[in-house]
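Student: Provided herewith: target_36.txt, compact mmCIF, C-alpha atoms and all ligand atoms.
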# COMPACT_ATOMS: atom_id res chain seq x y z
CA MET A 1 10.66 16.57 6.06
CA PRO A 2 8.70 14.75 8.77
CA LEU A 3 6.52 11.85 7.66
CA VAL A 4 3.15 12.94 6.26
CA THR A 5 -0.37 11.50 6.55
CA PHE A 6 -2.66 10.39 3.73
CA ASN A 7 -4.48 13.74 3.96
CA ASP A 8 -1.29 15.54 2.97
CA ILE A 9 -1.00 13.66 -0.32
CA LEU A 10 -4.07 11.68 -1.40
CA PRO A 11 -6.90 14.28 -1.76
CA GLN A 12 -4.64 16.34 -4.05
CA ALA A 13 -3.71 13.23 -6.02
CA ARG A 14 -7.39 12.38 -6.51
CA ALA A 15 -8.17 15.95 -7.61
CA GLU A 16 -5.34 15.75 -10.16
CA LYS A 17 -6.39 12.28 -11.37
CA ARG A 18 -3.21 10.51 -10.39
CA ALA A 19 -2.41 7.86 -7.78
CA VAL A 20 0.28 7.56 -5.15
CA ALA A 21 1.90 4.13 -5.24
CA ALA A 22 1.97 2.23 -1.94
CA PHE A 23 4.66 -0.44 -1.76
CA ASN A 24 4.82 -3.19 0.87
CA VAL A 25 8.34 -3.35 2.29
CA ALA A 26 9.82 -5.96 4.62
CA ASN A 27 13.49 -5.18 5.24
CA LEU A 28 16.25 -2.60 4.85
CA GLU A 29 16.81 -3.33 1.17
CA THR A 30 13.16 -3.05 0.12
CA VAL A 31 12.82 0.19 2.14
CA LEU A 32 15.92 1.66 0.48
CA SER A 33 14.85 0.60 -3.00
CA VAL A 34 11.39 2.16 -2.70
CA PHE A 35 12.62 5.32 -1.02
CA LYS A 36 15.49 5.98 -3.44
CA ALA A 37 13.26 5.42 -6.47
CA ALA A 38 10.67 7.91 -5.17
CA GLU A 39 13.38 10.39 -4.28
CA ALA A 40 14.93 10.15 -7.76
CA LEU A 41 11.54 11.14 -9.21
CA LYS A 42 10.79 13.70 -6.45
CA ALA A 43 7.47 11.87 -6.08
CA PRO A 44 5.31 11.30 -3.00
CA VAL A 45 5.25 7.68 -1.89
CA ILE A 46 3.53 5.45 0.65
CA ILE A 47 5.71 2.90 2.36
CA GLN A 48 3.50 0.28 3.95
CA VAL A 49 4.06 -2.66 6.24
CA TYR A 50 1.83 -5.72 6.39
CA GLN A 51 0.30 -6.48 9.80
CA ARG A 52 2.33 -9.71 10.26
CA LEU A 53 5.50 -7.63 10.67
CA PHE A 54 3.99 -5.99 13.75
CA LYS A 55 4.21 -9.33 15.59
CA ASP A 56 7.90 -8.74 16.33
CA GLU A 57 10.33 -5.81 16.22
CA ARG A 58 10.39 -5.49 12.42
CA ALA A 59 7.62 -2.89 12.05
CA GLY A 60 9.34 -0.64 14.62
CA LEU A 61 12.75 -0.96 13.02
CA ILE A 62 11.29 -0.19 9.59
CA ALA A 63 9.57 2.86 11.12
CA ALA A 64 12.93 4.10 12.43
CA MET A 65 14.54 3.68 9.00
CA VAL A 66 11.73 5.35 7.07
CA THR A 67 11.46 8.23 9.54
CA ARG A 68 15.18 8.89 9.26
CA LEU A 69 15.23 8.70 5.45
CA ALA A 70 12.20 11.02 5.14
CA SER A 71 13.67 13.55 7.60
CA GLU A 72 16.65 14.01 5.29
CA SER A 73 14.55 14.37 2.14
CA ASP A 74 12.09 16.80 0.51
CA ILE A 75 9.64 14.18 -0.76
CA PRO A 76 6.40 13.49 1.15
CA VAL A 77 6.50 9.97 2.61
CA ALA A 78 3.61 8.36 4.50
CA LEU A 79 4.27 5.27 6.64
CA HIS A 80 1.25 2.97 6.76
CA LEU A 81 0.08 -0.16 8.60
CA ASP A 82 -1.47 -2.40 5.92
CA HIS A 83 -4.43 -4.67 6.82
CA GLY A 84 -4.45 -3.81 10.53
CA GLU A 85 -6.31 -6.59 12.32
CA SER A 86 -7.29 -5.01 15.64
CA LEU A 87 -7.64 -1.66 17.38
CA GLU A 88 -4.73 -2.68 19.66
CA GLN A 89 -2.54 -3.16 16.61
CA LEU A 90 -3.52 0.28 15.31
CA ARG A 91 -2.64 1.88 18.64
CA ALA A 92 0.71 0.06 18.67
CA ALA A 93 1.50 1.23 15.12
CA ILE A 94 0.64 4.83 15.96
CA ALA A 95 2.82 4.64 19.09
CA ILE A 96 5.87 3.63 17.03
CA GLY A 97 5.47 6.40 14.47
CA TYR A 98 3.14 5.17 11.74
CA THR A 99 1.33 8.17 10.22
CA SER A 100 -1.49 6.17 8.70
CA VAL A 101 -3.22 2.92 9.58
CA MET A 102 -5.70 0.54 7.98
CA ILE A 103 -8.34 -1.42 9.83
CA ASP A 104 -9.46 -4.40 7.78
CA GLY A 105 -13.05 -5.21 8.69
CA SER A 106 -13.80 -6.54 5.20
CA LYS A 107 -14.61 -10.05 6.45
CA LEU A 108 -17.12 -8.77 9.03
CA SER A 109 -20.77 -7.97 8.37
CA PHE A 110 -21.33 -4.49 6.93
CA ALA A 111 -22.71 -3.22 10.27
CA GLU A 112 -19.77 -4.66 12.22
CA ASN A 113 -17.32 -3.21 9.71
CA ILE A 114 -18.91 0.23 10.16
CA ALA A 115 -18.72 0.02 13.97
CA LEU A 116 -15.08 -1.14 13.97
CA SER A 117 -13.95 1.36 11.32
CA ALA A 118 -15.70 4.29 13.06
CA GLU A 119 -13.89 3.46 16.30
CA ALA A 120 -10.61 3.06 14.39
CA ALA A 121 -11.13 6.46 12.74
CA ARG A 122 -11.64 8.07 16.17
CA ILE A 123 -8.42 6.50 17.47
CA ALA A 124 -6.47 7.56 14.39
CA HIS A 125 -7.83 11.11 14.31
CA ASP A 126 -7.23 11.64 18.06
CA ALA A 127 -3.58 10.78 17.35
CA GLY A 128 -3.38 13.03 14.25
CA VAL A 129 -2.98 10.13 11.80
CA THR A 130 -5.22 8.93 8.95
CA LEU A 131 -7.35 5.82 8.58
CA GLU A 132 -8.01 3.52 5.61
CA ALA A 133 -10.80 0.92 5.72
CA GLU A 134 -12.18 -1.58 3.19
CA ILE A 135 -15.66 -2.47 1.99
CA GLY A 136 -16.49 -5.51 -0.08
CA HIS A 137 -13.57 -7.93 0.04
CA VAL A 138 -10.35 -8.16 -1.98
CA PRO A 139 -9.25 -11.73 -1.23
CA PHE A 140 -5.79 -13.25 -1.05
CA GLY A 141 -5.11 -15.76 -3.85
CA ASP A 142 -8.10 -17.89 -4.80
CA GLY A 143 -10.52 -16.49 -2.20
CA ALA A 144 -13.93 -15.15 -3.27
CA ILE A 145 -14.14 -11.53 -4.44
CA GLU A 146 -16.97 -9.53 -2.86
CA LEU A 147 -17.54 -6.45 -4.98
CA SER A 148 -18.21 -3.09 -3.31
CA THR A 149 -21.34 -1.10 -4.13
CA ALA A 150 -21.75 2.67 -4.46
CA ALA A 151 -24.63 2.73 -1.96
CA GLU A 152 -22.52 0.91 0.65
CA ALA A 153 -19.54 3.15 -0.01
CA GLU A 154 -21.61 6.30 0.48
CA ALA A 155 -23.18 5.05 3.74
CA PHE A 156 -19.86 3.68 5.04
CA VAL A 157 -17.97 6.94 4.55
CA ALA A 158 -20.77 9.01 6.10
CA LYS A 159 -21.00 6.74 9.16
CA THR A 160 -17.29 6.16 9.82
CA GLY A 161 -15.38 9.32 8.83
CA VAL A 162 -12.54 7.27 7.27
CA ASP A 163 -9.94 9.18 5.24
CA ALA A 164 -9.41 6.65 2.43
CA LEU A 165 -11.64 3.81 1.25
CA ALA A 166 -10.40 0.54 -0.23
CA ILE A 167 -12.92 -0.80 -2.73
CA SER A 168 -13.32 -4.16 -4.40
CA ILE A 169 -13.73 -3.86 -8.19
CA GLY A 170 -12.25 -7.16 -9.37
CA THR A 171 -8.70 -7.33 -8.02
CA VAL A 172 -7.19 -9.99 -5.74
CA HIS A 173 -3.94 -10.00 -3.76
CA GLY A 174 -1.15 -11.88 -5.52
CA PHE A 175 -0.46 -13.03 -9.08
CA TYR A 176 -3.33 -13.63 -11.51
CA LYS A 177 -3.62 -16.67 -13.72
CA LYS A 178 -4.93 -14.34 -16.43
CA ALA A 179 -5.03 -10.54 -16.38
CA PRO A 180 -8.08 -9.27 -14.48
CA GLU A 181 -10.81 -7.11 -15.96
CA LEU A 182 -11.68 -4.44 -13.48
CA ASP A 183 -15.28 -3.32 -13.05
CA ILE A 184 -14.59 0.28 -14.03
CA GLY A 185 -18.30 1.15 -14.27
CA ARG A 186 -18.60 0.21 -10.59
CA ALA A 187 -15.52 2.29 -9.72
CA ARG A 188 -17.08 5.29 -11.51
CA GLU A 189 -20.34 4.90 -9.60
CA ILE A 190 -18.48 4.72 -6.30
CA GLY A 191 -16.25 7.66 -7.21
CA ALA A 192 -19.31 9.73 -8.08
CA LYS A 193 -20.87 9.11 -4.64
CA VAL A 194 -17.74 9.28 -2.48
CA GLY A 195 -15.38 12.25 -2.51
CA ILE A 196 -12.54 10.83 -0.43
CA PRO A 197 -9.56 9.10 -2.07
CA LEU A 198 -10.29 5.50 -3.10
CA VAL A 199 -7.73 2.72 -2.69
CA LEU A 200 -7.05 -0.25 -4.96
CA HIS A 201 -5.55 -3.31 -3.28
CA GLY A 202 -4.02 -6.04 -5.42
CA GLY A 203 -2.10 -3.82 -7.84
CA THR A 204 0.18 -6.66 -8.97
CA GLY A 205 -0.49 -7.78 -12.53
CA VAL A 206 -3.23 -5.24 -13.32
CA PRO A 207 -2.57 -3.79 -16.79
CA ASP A 208 -1.60 -0.11 -16.72
CA ASP A 209 -4.54 0.96 -18.92
CA GLN A 210 -6.97 -0.49 -16.36
CA LEU A 211 -5.12 1.20 -13.52
CA ARG A 212 -5.43 4.51 -15.41
CA LEU A 213 -9.21 4.02 -15.75
CA ALA A 214 -9.46 3.25 -12.02
CA ILE A 215 -7.48 6.42 -11.27
CA SER A 216 -9.80 8.50 -13.45
CA SER A 217 -12.70 7.15 -11.32
CA GLY A 218 -11.25 8.39 -8.01
CA VAL A 219 -8.62 5.81 -7.03
CA ALA A 220 -5.68 7.76 -5.55
CA LYS A 221 -3.67 4.98 -3.84
CA ILE A 222 -2.60 1.74 -5.51
CA ASN A 223 -1.09 -1.06 -3.42
CA ILE A 224 1.73 -3.18 -4.77
CA ALA A 225 3.33 -6.02 -2.82
CA THR A 226 3.68 -9.32 -4.70
CA GLU A 227 5.27 -7.96 -7.88
CA LEU A 228 7.92 -5.98 -5.99
CA GLN A 229 8.76 -8.70 -3.48
CA SER A 230 8.80 -11.42 -6.11
CA LEU A 231 11.23 -9.40 -8.25
CA PHE A 232 13.41 -8.86 -5.16
CA LEU A 233 13.54 -12.59 -4.36
CA LYS A 234 14.10 -13.69 -7.97
CA ARG A 235 17.01 -11.27 -8.35
CA ILE A 236 18.58 -12.54 -5.12
CA ALA A 237 18.26 -16.09 -6.45
CA SER A 238 20.01 -15.12 -9.69
CA GLU A 239 22.78 -13.28 -7.80
CA LEU A 240 23.38 -16.34 -5.62
CA ALA A 241 23.39 -18.62 -8.63
CA ALA A 242 25.97 -16.36 -10.32
CA CYS A 243 28.21 -16.52 -7.23
CA GLY A 244 28.24 -20.31 -7.25
CA ASP A 245 30.49 -21.43 -4.40
CA THR A 246 32.23 -18.06 -4.16
CA PHE A 247 31.41 -16.07 -1.04
CA LYS A 248 30.10 -12.53 -1.57
CA PRO A 249 29.26 -10.23 1.40
CA VAL A 250 25.56 -9.70 1.93
CA ASP A 251 25.57 -5.96 1.13
CA LEU A 252 27.41 -6.51 -2.17
CA CYS A 253 25.09 -9.35 -3.08
CA PHE A 254 22.07 -7.07 -2.50
CA LYS A 255 23.39 -4.04 -4.47
CA PRO A 256 22.41 -5.13 -7.99
CA VAL A 257 19.12 -6.45 -6.60
CA GLU A 258 18.33 -3.01 -5.17
CA THR A 259 19.24 -1.36 -8.48
CA ASP A 260 16.71 -3.50 -10.35
CA VAL A 261 13.98 -3.07 -7.72
CA GLN A 262 14.51 0.70 -7.85
CA ALA A 263 14.05 0.65 -11.63
CA TYR A 264 10.79 -1.29 -11.19
CA VAL A 265 9.51 1.17 -8.55
CA ARG A 266 10.41 4.19 -10.70
CA ALA A 267 8.52 2.75 -13.67
CA LYS A 268 5.49 1.99 -11.51
CA ILE A 269 5.40 5.46 -9.94
CA ARG A 270 5.70 7.08 -13.38
CA SER A 271 2.87 5.01 -14.80
CA LEU A 272 0.50 6.00 -11.97
CA SER A 273 1.27 9.72 -11.85
P1 LIG B 1 -0.52 -7.37 -4.45
O1 LIG B 1 0.32 -8.28 -3.58
O2 LIG B 1 -1.46 -8.11 -5.33
O3 LIG B 1 0.32 -6.38 -5.18
O4 LIG B 1 -1.47 -6.54 -3.45
C1 LIG B 1 -0.87 -5.68 -2.51
C2 LIG B 1 -1.85 -5.17 -1.55
O5 LIG B 1 -2.97 -4.89 -1.87
C3 LIG B 1 -1.39 -4.98 -0.18
O6 LIG B 1 -2.42 -4.67 0.69
Please rewrite the model in this file as structure tokens.

Tutor:
Amino acid sequence: MPLVTFNDILPQARAEKRAVAAFNVANLETVLSVFKAAEALKAPVIIQVYQRLFKDERAGLIAAMVTRLASESDIPVALHLDHGESLEQLRAAIAIGYTSVMIDGSKLSFAENIALSAEAARIAHDAGVTLEAEIGHVPFGDGAIELSTAAEAEAFVAKTGVDALAISIGTVHGFYKKAPELDIGRAREIGAKVGIPLVLHGGTGVPDDQLRLAISSGVAKINIATELQSLFLKRIASELAACGDTFKPVDLCFKPVETDVQAYVRAKIRSLS
């Protein structure tokens, strides 16, 4: 089927208290691993691409691959720009076939974030695609967490018309030194005030029981990048080590890596649905 937007999959997921997993891909092998795992489970999936990959031809080539794979399949697949950094980047993503985009105004003031996200929502909706925005701030690595509040979430959604809202309830992007404790009470308050699907960034390393509590509070999209990409790289390293000085063609070297990444993705999708 053609690629879908967030509105085709996330409101239903929220209503059914499950989440759609959103995996950050970066090349043919990560795309194939995520897609085949979702297809094996007949599950909807979000394939997302970090904004850095829009600086050269990679984001467009990934779009061509994902569009082709989805067209030959029955599972709903949304293709998403993750952490879009400007309105120009959103327009460029939409032009090359992305069916959903994120504008990340989380480092701006609240008023500036509202103005930018409202304009981004207009651009996305005029093009028939969906928009995700973020309030509070989910940092990368050791940066400072700024928690979201229910009052801000309610005002933000009313003033911007975004389709999905990323909230900050204690996660960070990347590995944790010790497992995080999410502020589930805060998630519940936000979910009670805001009816649209909520998004959790920083899914790596969050224990499944906490993810389930976040889902029961209204989170319908969970982002996973570091865990998947780290597994991919570690498996390549072990394949290369096993080859020693013996040459192995690239595709054959990647095959067992893809098999293991697929198993990881299947397990993650099952645990969120
Ligand atoms: P992790 O890298 O912590 O899984 O976070 C992914 C993410 O939120 C992408 O936007």

Student: Using all atoms listed in the file, tabulate the residues of chain A lying at most 7 Å from any atom of ligand LIG 1 (chain B), each with its closest atom pair and that distance in Å to one decimal, by chain and increasing residue number, as a tab-separated table.

Tutor:
residue	atom	partner	partner_atom	distance
A:Asn24	CA	B:LIG1	C3	6.5
A:Asp82	CA	B:LIG1	O6	5.8
A:His83	CA	B:LIG1	O6	6.5
A:Val172	CA	B:LIG1	O2	6.0
A:His173	CA	B:LIG1	O2	3.5
A:Gly174	CA	B:LIG1	O2	3.8
A:Phe175	CA	B:LIG1	O2	6.3
A:Leu200	CA	B:LIG1	O5	6.9
A:His201	CA	B:LIG1	O5	3.3
A:Gly202	CA	B:LIG1	O4	3.3
A:Gly203	CA	B:LIG1	O3	4.4
A:Thr204	CA	B:LIG1	O3	3.8
A:Asn223	CA	B:LIG1	O5	4.5
A:Ile224	CA	B:LIG1	O3	3.5
A:Ala225	CA	B:LIG1	O1	3.8
A:Thr226	CA	B:LIG1	O1	3.7
A:Glu227	CA	B:LIG1	O3	5.9

Student: Output C-alpha atoms for every residue in the selection just made, as a PDB file, in the coordinates of the input.

Tutor:
ATOM      1  CA  ASN A  24       4.820  -3.190   0.870  1.00  0.00           C
ATOM      2  CA  ASP A  82      -1.470  -2.400   5.920  1.00  0.00           C
ATOM      3  CA  HIS A  83      -4.430  -4.670   6.820  1.00  0.00           C
ATOM      4  CA  VAL A 172      -7.190  -9.990  -5.740  1.00  0.00           C
ATOM      5  CA  HIS A 173      -3.940 -10.000  -3.760  1.00  0.00           C
ATOM      6  CA  GLY A 174      -1.150 -11.880  -5.520  1.00  0.00           C
ATOM      7  CA  PHE A 175      -0.460 -13.030  -9.080  1.00  0.00           C
ATOM      8  CA  LEU A 200      -7.050  -0.250  -4.960  1.00  0.00           C
ATOM      9  CA  HIS A 201      -5.550  -3.310  -3.280  1.00  0.00           C
ATOM     10  CA  GLY A 202      -4.020  -6.040  -5.420  1.00  0.00           C
ATOM     11  CA  GLY A 203      -2.100  -3.820  -7.840  1.00  0.00           C
ATOM     12  CA  THR A 204       0.180  -6.660  -8.970  1.00  0.00           C
ATOM     13  CA  ASN A 223      -1.090  -1.060  -3.420  1.00  0.00           C
ATOM     14  CA  ILE A 224       1.730  -3.180  -4.770  1.00  0.00           C
ATOM     15  CA  ALA A 225       3.330  -6.020  -2.820  1.00  0.00           C
ATOM     16  CA  THR A 226       3.680  -9.320  -4.700  1.00  0.00           C
ATOM     17  CA  GLU A 227       5.270  -7.960  -7.880  1.00  0.00           C
TER      18      GLU A 227
END

Student: Give me, as a list in words, all polymer residues having an atom no more than 10 Å from Ser168 in chain A, counting only C-alpha atoms and skipping those fewer than 6 positions away in the same chain.

Tutor: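 Contacts, with the query itself left out: Ser106, Glu134, Ile135, Gly136, His137, Val138, Pro139, Ile145, Glu146, Leu147, Ser148, Thr149, Leu182, Asp183, Arg186, Ala187, Val199, Leu200, His201 and Gly202 of chain A.
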
Student: Export, as a JSON list (two decimals), keeping the file's coordinate frame, the selected residues with C-alpha atoms.

Tutor:
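Okay, selection.json is ready:
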[["chain", "number", "residue", "atom", "x", "y", "z"],
["A", 106, "SER", "CA", -13.80, -6.54, 5.20],
["A", 134, "GLU", "CA", -12.18, -1.58, 3.19],
["A", 135, "ILE", "CA", -15.66, -2.47, 1.99],
["A", 136, "GLY", "CA", -16.49, -5.51, -0.08],
["A", 137, "HIS", "CA", -13.57, -7.93, 0.04],
["A", 138, "VAL", "CA", -10.35, -8.16, -1.98],
["A", 139, "PRO", "CA", -9.25, -11.73, -1.23],
["A", 145, "ILE", "CA", -14.14, -11.53, -4.44],
["A", 146, "GLU", "CA", -16.97, -9.53, -2.86],
["A", 147, "LEU", "CA", -17.54, -6.45, -4.98],
["A", 148, "SER", "CA", -18.21, -3.09, -3.31],
["A", 149, "THR", "CA", -21.34, -1.10, -4.13],
["A", 182, "LEU", "CA", -11.68, -4.44, -13.48],
["A", 183, "ASP", "CA", -15.28, -3.32, -13.05],
["A", 186, "ARG", "CA", -18.60, 0.21, -10.59],
["A", 187, "ALA", "CA", -15.52, 2.29, -9.72],
["A", 199, "VAL", "CA", -7.73, 2.72, -2.69],
["A", 200, "LEU", "CA", -7.05, -0.25, -4.96],
["A", 201, "HIS", "CA", -5.55, -3.31, -3.28],
["A", 202, "GLY", "CA", -4.02, -6.04, -5.42]]

Student: Give me, as a PyMOL selection string, all polymer residues having an atom no more than 6 Å from Val25 in chain A, counting all atoms listed in the file and skipping those fewer than 3 positions away in the same chain.

Tutor: chain A and resi 30-31+49

Student: Can you measure CA of Val4 in chain A to CA of Ala166 in chain A for me? One decimal in Å is fine.

Tutor: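 For CA of Val4 in chain A relative to CA of Ala166 in chain A, the distance reads 19.5 Å.
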
Student: Extract, using only C-alpha atoms, all DNA, RNA and protein residues at most 12 Å from Glu88 in chain A, discarding same-chain residues fewer than 3 positions from it, and format them as a PyMOL selection string.

Tutor: chain A and resi 51+54-55+84-85+91-95+101+103+116+119-120+123-124

Student: Can you work out which one of A:Phe6, A:Gly97, A:Pro207, A:Ala158 has the shortest atom-to-atom distance to Glu132 in chain A, counting only C-alpha atoms?

Tutor: A:Phe6

Student: For Thr99 in chain A, which of A:Ser230, A:Gln48, A:Ser33, A:Thr130 is the closest residue, counting all atoms listed in the file?

Tutor: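 Checking each candidate against Thr99 in chain A, we get A:Thr130 as the closest.
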
Student: Between A:Thr171, A:Lys248, A:Ser217, A:Asp56, which residue has the minimum interatomic distance to Gly185 in chain A, considering all atoms listed in the file?

Tutor: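 Using all atoms listed in the file, Gly185 in chain A sits closest to A:Ser217.
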
Student: Just checking: using only C-alpha atoms, which residue out of A:Asp209, A:Asp74, A:Asp245, A:Glu152 ends up closest to Pro180 in chain A?

Tutor: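 For Pro180 in chain A, the nearest of the given residues is A:Asp209.
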
Student: Can you work out which one of A:Cys243, A:Leu233, A:Leu69, A:Ala192 has the shortest atom-to-atom distance to Ala26 in chain A, counting all atoms listed in the file?

Tutor: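 Checking each of A:Cys243, A:Leu233, A:Leu69, A:Ala192 against Ala26 in chain A, counting all atoms listed in the file, the winner is A:Leu233.
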
Student: Any idea what the distance is between CA of Leu272 in chain A and CA of Ile47 in chain A?

Tutor: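 Between CA of Leu272 in chain A and CA of Ile47 in chain A the gap works out to 15.6 Å.
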
Student: Go through A:Ile184, A:Ile96, A:Ala19, A:Ala78 and flag the residue nearest Ala63 in chain A, using only C-alpha atoms for the distances.

Tutor: A:Ile96

Student: For Glu112 in chain A, list every protein, DNA or RNA residue within 12 Å, evaluated using all atoms listed in the file, and leave out those in the same chain fewer than 5 positions away; present the list as number ranges by chain.

Tutor: A: 104-107, 117-119, 135, 156, 159-160

Student: Show me, as a list in words, the residues that have an atom within 7 Å of range 249-257 of chain A when counting all atoms listed in the file, minus same-chain residues fewer than 3 positions from it.

Tutor: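 Listing them by chain and then by number gives Phe232, Arg235, Ile236, Glu239, Asp260 and Val261 of chain A.
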
Student: Separation of CA of Met65 in chain A and CA of Met1 in chain A, in Å?

Tutor: 13.8 Å

Student: For the point (-3.9, 6.2, -14.8) in the file's frame, write as a CSV table (one decimal) with C-alpha atoms, in the coordinates of the input all residues with an atom no more than 9 Å away, counting all atoms listed in the file.

Tutor:
chain,number,residue,atom,x,y,z
A,17,LYS,CA,-6.4,12.3,-11.4
A,18,ARG,CA,-3.2,10.5,-10.4
A,19,ALA,CA,-2.4,7.9,-7.8
A,208,ASP,CA,-1.6,-0.1,-16.7
A,209,ASP,CA,-4.5,1.0,-18.9
A,210,GLN,CA,-7.0,-0.5,-16.4
A,211,LEU,CA,-5.1,1.2,-13.5
A,212,ARG,CA,-5.4,4.5,-15.4
A,213,LEU,CA,-9.2,4.0,-15.8
A,214,ALA,CA,-9.5,3.2,-12.0
A,215,ILE,CA,-7.5,6.4,-11.3
A,216,SER,CA,-9.8,8.5,-13.4
A,271,SER,CA,2.9,5.0,-14.8
A,272,LEU,CA,0.5,6.0,-12.0
A,273,SER,CA,1.3,9.7,-11.8

Student: Step by step, gather every atom of range 190-193 of chain A that the file lists, find the box along x, y and z that holds them, add 8 Å on each side, and finally give centre and edge lengths in Å to one decimal, as JSON.

Tutor:
{"center_x": -18.6, "center_y": 7.2, "center_z": -6.4, "size_x": 20.6, "size_y": 21.0, "size_z": 19.4}

Student: Counting all atoms listed in the file, select every polymer residue within 10 Å of (-5.0, 13.3, -1.7) as defined in the file's coordinates, and provide the selection as a ChimeraX atom specification.

Tutor: /A:5-20,163-164,196-198,219-221
